[in-house]
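Structure file my_file-v4.txt with compact mmCIF, N, CA and C atoms:
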```txt
# COMPACT_ATOMS: atom_id res chain seq x y z
N MET S 1 7.05 19.10 -25.63
CA MET S 1 7.97 19.08 -24.51
C MET S 1 7.53 17.99 -23.50
N THR S 2 8.48 17.23 -23.03
CA THR S 2 8.19 16.12 -22.12
C THR S 2 8.03 16.62 -20.69
N LYS S 3 6.99 16.14 -20.05
CA LYS S 3 6.77 16.43 -18.63
C LYS S 3 7.31 15.28 -17.82
N LYS S 4 7.99 15.62 -16.71
CA LYS S 4 8.60 14.60 -15.86
C LYS S 4 8.12 14.75 -14.42
N ILE S 5 8.04 13.62 -13.74
CA ILE S 5 7.70 13.60 -12.32
C ILE S 5 8.97 13.87 -11.53
N GLU S 6 8.85 14.77 -10.55
CA GLU S 6 9.97 15.03 -9.64
C GLU S 6 9.50 14.78 -8.23
N VAL S 7 10.35 14.14 -7.44
CA VAL S 7 10.07 13.90 -6.03
C VAL S 7 11.13 14.60 -5.21
N ASP S 8 10.69 15.40 -4.25
CA ASP S 8 11.61 16.01 -3.30
C ASP S 8 11.83 14.97 -2.20
N TRP S 9 12.96 14.27 -2.30
CA TRP S 9 13.22 13.15 -1.39
C TRP S 9 13.42 13.62 0.04
N GLY S 10 13.74 14.88 0.24
CA GLY S 10 13.85 15.43 1.58
C GLY S 10 12.50 15.58 2.26
N LEU S 11 11.44 15.73 1.46
CA LEU S 11 10.08 15.87 1.98
C LEU S 11 9.31 14.55 2.01
N CYS S 12 9.63 13.66 1.08
CA CYS S 12 8.86 12.42 0.93
C CYS S 12 8.96 11.55 2.18
N GLU S 13 7.79 11.12 2.66
CA GLU S 13 7.72 10.23 3.82
C GLU S 13 7.38 8.80 3.41
N SER S 14 7.30 8.53 2.14
CA SER S 14 6.99 7.19 1.61
C SER S 14 5.74 6.61 2.24
N ASN S 15 4.70 7.44 2.32
CA ASN S 15 3.45 6.96 2.93
C ASN S 15 2.59 6.19 1.93
N GLY S 16 2.88 6.26 0.64
CA GLY S 16 2.23 5.41 -0.34
C GLY S 16 0.91 5.92 -0.90
N VAL S 17 0.53 7.15 -0.57
CA VAL S 17 -0.72 7.69 -1.14
C VAL S 17 -0.63 7.69 -2.66
N CYS S 18 0.51 8.11 -3.19
CA CYS S 18 0.69 8.17 -4.64
C CYS S 18 0.58 6.78 -5.27
N MET S 19 1.15 5.79 -4.61
CA MET S 19 1.08 4.42 -5.12
C MET S 19 -0.37 3.93 -5.15
N GLY S 20 -1.15 4.34 -4.17
CA GLY S 20 -2.56 3.96 -4.15
C GLY S 20 -3.33 4.56 -5.31
N ILE S 21 -2.87 5.71 -5.79
CA ILE S 21 -3.55 6.39 -6.89
C ILE S 21 -3.10 5.83 -8.24
N ILE S 22 -1.81 5.64 -8.41
CA ILE S 22 -1.30 5.16 -9.69
C ILE S 22 -0.09 4.25 -9.49
N PRO S 23 -0.35 2.97 -9.18
CA PRO S 23 0.73 2.02 -8.91
C PRO S 23 1.61 1.70 -10.12
N GLU S 24 1.18 2.08 -11.30
CA GLU S 24 2.01 1.87 -12.49
C GLU S 24 3.21 2.82 -12.48
N VAL S 25 3.12 3.90 -11.71
CA VAL S 25 4.16 4.93 -11.69
C VAL S 25 4.94 4.93 -10.37
N PHE S 26 4.25 4.74 -9.25
CA PHE S 26 4.88 4.81 -7.94
C PHE S 26 4.80 3.44 -7.26
N GLN S 27 5.90 3.05 -6.62
CA GLN S 27 5.93 1.77 -5.91
C GLN S 27 6.61 1.97 -4.56
N LEU S 28 6.00 1.41 -3.53
CA LEU S 28 6.58 1.43 -2.20
C LEU S 28 7.32 0.10 -2.00
N GLU S 29 8.60 0.19 -1.75
CA GLU S 29 9.43 -1.01 -1.62
C GLU S 29 9.26 -1.63 -0.23
N ASP S 30 9.79 -2.83 -0.07
CA ASP S 30 9.70 -3.55 1.20
C ASP S 30 10.36 -2.79 2.35
N ASP S 31 11.37 -1.99 2.02
CA ASP S 31 12.07 -1.22 3.07
C ASP S 31 11.45 0.17 3.26
N ASP S 32 10.21 0.34 2.77
CA ASP S 32 9.45 1.59 2.91
C ASP S 32 10.08 2.78 2.19
N THR S 33 10.79 2.53 1.12
CA THR S 33 11.26 3.62 0.28
C THR S 33 10.40 3.67 -0.98
N LEU S 34 10.19 4.86 -1.47
CA LEU S 34 9.38 5.05 -2.67
C LEU S 34 10.26 4.98 -3.90
N THR S 35 9.77 4.32 -4.92
CA THR S 35 10.45 4.26 -6.21
C THR S 35 9.51 4.81 -7.27
N VAL S 36 10.05 5.62 -8.17
CA VAL S 36 9.30 6.10 -9.32
C VAL S 36 9.62 5.15 -10.47
N LEU S 37 8.62 4.38 -10.88
CA LEU S 37 8.81 3.38 -11.92
C LEU S 37 8.87 3.99 -13.30
N GLN S 38 8.16 5.09 -13.48
CA GLN S 38 8.09 5.76 -14.78
C GLN S 38 8.01 7.25 -14.50
N ASP S 39 9.05 8.00 -14.84
CA ASP S 39 9.05 9.43 -14.50
C ASP S 39 8.43 10.32 -15.56
N GLU S 40 8.08 9.74 -16.70
CA GLU S 40 7.48 10.55 -17.78
C GLU S 40 5.97 10.64 -17.59
N VAL S 41 5.47 11.87 -17.69
CA VAL S 41 4.03 12.10 -17.64
C VAL S 41 3.51 12.01 -19.07
N THR S 42 2.58 11.10 -19.28
CA THR S 42 2.03 10.87 -20.61
C THR S 42 0.57 11.32 -20.64
N PRO S 43 0.00 11.49 -21.82
CA PRO S 43 -1.42 11.82 -21.88
C PRO S 43 -2.29 10.77 -21.18
N GLU S 44 -1.84 9.51 -21.20
CA GLU S 44 -2.61 8.42 -20.60
C GLU S 44 -2.59 8.46 -19.07
N ASN S 45 -1.47 8.92 -18.48
CA ASN S 45 -1.38 8.89 -17.02
C ASN S 45 -1.44 10.27 -16.36
N GLU S 46 -1.52 11.32 -17.14
CA GLU S 46 -1.41 12.68 -16.60
C GLU S 46 -2.46 13.00 -15.53
N GLU S 47 -3.70 12.61 -15.76
CA GLU S 47 -4.75 12.93 -14.79
C GLU S 47 -4.47 12.26 -13.44
N GLN S 48 -4.06 11.00 -13.47
CA GLN S 48 -3.77 10.30 -12.22
C GLN S 48 -2.50 10.83 -11.55
N VAL S 49 -1.49 11.17 -12.33
CA VAL S 49 -0.26 11.74 -11.76
C VAL S 49 -0.58 13.08 -11.09
N ARG S 50 -1.37 13.91 -11.75
CA ARG S 50 -1.75 15.19 -11.14
C ARG S 50 -2.55 14.98 -9.86
N ASP S 51 -3.37 13.94 -9.83
CA ASP S 51 -4.11 13.60 -8.61
C ASP S 51 -3.13 13.20 -7.50
N ALA S 52 -2.11 12.43 -7.83
CA ALA S 52 -1.10 12.04 -6.85
C ALA S 52 -0.34 13.26 -6.33
N VAL S 53 -0.03 14.20 -7.23
CA VAL S 53 0.64 15.45 -6.82
C VAL S 53 -0.24 16.20 -5.82
N ARG S 54 -1.53 16.34 -6.13
CA ARG S 54 -2.46 17.07 -5.26
C ARG S 54 -2.64 16.40 -3.90
N GLN S 55 -2.66 15.07 -3.88
CA GLN S 55 -2.98 14.36 -2.65
C GLN S 55 -1.77 14.00 -1.80
N CYS S 56 -0.57 14.27 -2.27
CA CYS S 56 0.62 13.96 -1.49
C CYS S 56 0.59 14.77 -0.19
N PRO S 57 0.59 14.10 0.97
CA PRO S 57 0.47 14.80 2.25
C PRO S 57 1.61 15.78 2.52
N ARG S 58 2.79 15.49 1.98
CA ARG S 58 3.94 16.35 2.21
C ARG S 58 4.24 17.26 1.01
N GLN S 59 3.42 17.18 -0.02
CA GLN S 59 3.61 17.95 -1.24
C GLN S 59 5.02 17.76 -1.80
N ALA S 60 5.45 16.50 -1.78
CA ALA S 60 6.80 16.15 -2.24
C ALA S 60 6.87 15.84 -3.72
N ILE S 61 5.73 15.70 -4.38
CA ILE S 61 5.72 15.33 -5.81
C ILE S 61 5.35 16.55 -6.63
N SER S 62 6.04 16.71 -7.74
CA SER S 62 5.71 17.80 -8.66
C SER S 62 5.92 17.31 -10.09
N ILE S 63 5.45 18.11 -11.02
CA ILE S 63 5.64 17.82 -12.44
C ILE S 63 6.48 18.94 -13.02
N LYS S 64 7.59 18.56 -13.63
CA LYS S 64 8.48 19.53 -14.27
C LYS S 64 8.23 19.51 -15.76
N GLU S 65 7.99 20.68 -16.32
CA GLU S 65 7.71 20.76 -17.76
C GLU S 65 8.89 21.33 -18.49
```
What does this structure look like when you write it as structure tokens?
Amino acid sequence: MTKKIEVDWGLCESNGVCMGIIPEVFQLEDDDTLTVLQDEVTPENEEQVRDAVRQCPRQAISIKE
């Protein structure tokens, strides 16, 4: 079963903590909006994605299984 990254855009403040952890997945645009570059959680990125979920100040990121 594929795991996907979900962002609660109502909570997200686009502070970029997640991008600092795994820039291959999260990108902060010039207009300070967050973009999810890759929403699939893979065995290669799962540890870093889970770290981004834990460290999100607004707890706006989750993993849907």
Any idea what's packed within 8 Å of Met1 (chain S), counting only N, CA and C atoms, ignoring anything in its chain fewer than 3 positions away? Could you give it as a short mmCIF file (atom, residue, chain, number, x, y, z; two decimals) with N, CA and C atoms, in the frame of the given file?
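Final output, saved to part_16.cif:
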```
data_model
loop_
_atom_site.label_atom_id
_atom_site.label_comp_id
_atom_site.auth_asym_id
_atom_site.auth_seq_id
_atom_site.Cartn_x
_atom_site.Cartn_y
_atom_site.Cartn_z
N LYS S 4 7.99 15.62 -16.71
CA LYS S 4 8.60 14.60 -15.86
C LYS S 4 8.12 14.75 -14.42
N LYS S 64 7.59 18.56 -13.63
CA LYS S 64 8.48 19.53 -14.27
C LYS S 64 8.23 19.51 -15.76
N GLU S 65 7.99 20.68 -16.32
CA GLU S 65 7.71 20.76 -17.76
C GLU S 65 8.89 21.33 -18.49
#
```
Hey, what's within 7 Å of Cys18 (chain S) if we count all atoms listed in the file and toss same-chain stuff fewer than 4 positions away? As number ranges by chain, please? S: 22-23, 25-27, 51-53, 55-56
Have a look at S:Ile61, S:Ile5, S:Cys12, S:Leu37 and name the one nearest to Glu24 (chain S); count all atoms listed in the file.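 Looking at the shortest contact to Glu24 (chain S), the residue is S:Leu37.
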Mind giving me the straight-line distance from CA of Ser14 (chain S) to CA of Val41 (chain S) in Å, one decimal? 20.1 Å
Record the distance separating atom C of Lys3 (chain S) and CA of Glu40 (chain S), expressed in Å with one decimal.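 Taking atom C of Lys3 (chain S) as the start and CA of Glu40 (chain S) as the end point, the length is 4.7 Å.
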Take the point (10.3, 12.9, 0.0) as written in the file and pick out every residue within 8 Å of it, counting all atoms listed in the file; give the list as a PyMOL selection string. chain S and resi 7-14+58-61
Around region 20-25 of chain S, fit a box with edges along x, y and z, padding it by 5 Å on each side, then list its centre and edge lengths in Å to one decimal as lines of an AutoDock Vina configuration file.
```
center_x = 0.7
center_y = 4.0
center_z = -8.3
size_x = 18.5
size_y = 14.7
size_z = 18.3
```
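Take the candidates S:Val49, S:Asp31, S:Asp39, S:Ile63 and check each one against Met19 (chain S) using only C-alpha atoms; the shortest distance goes to S:Val49.
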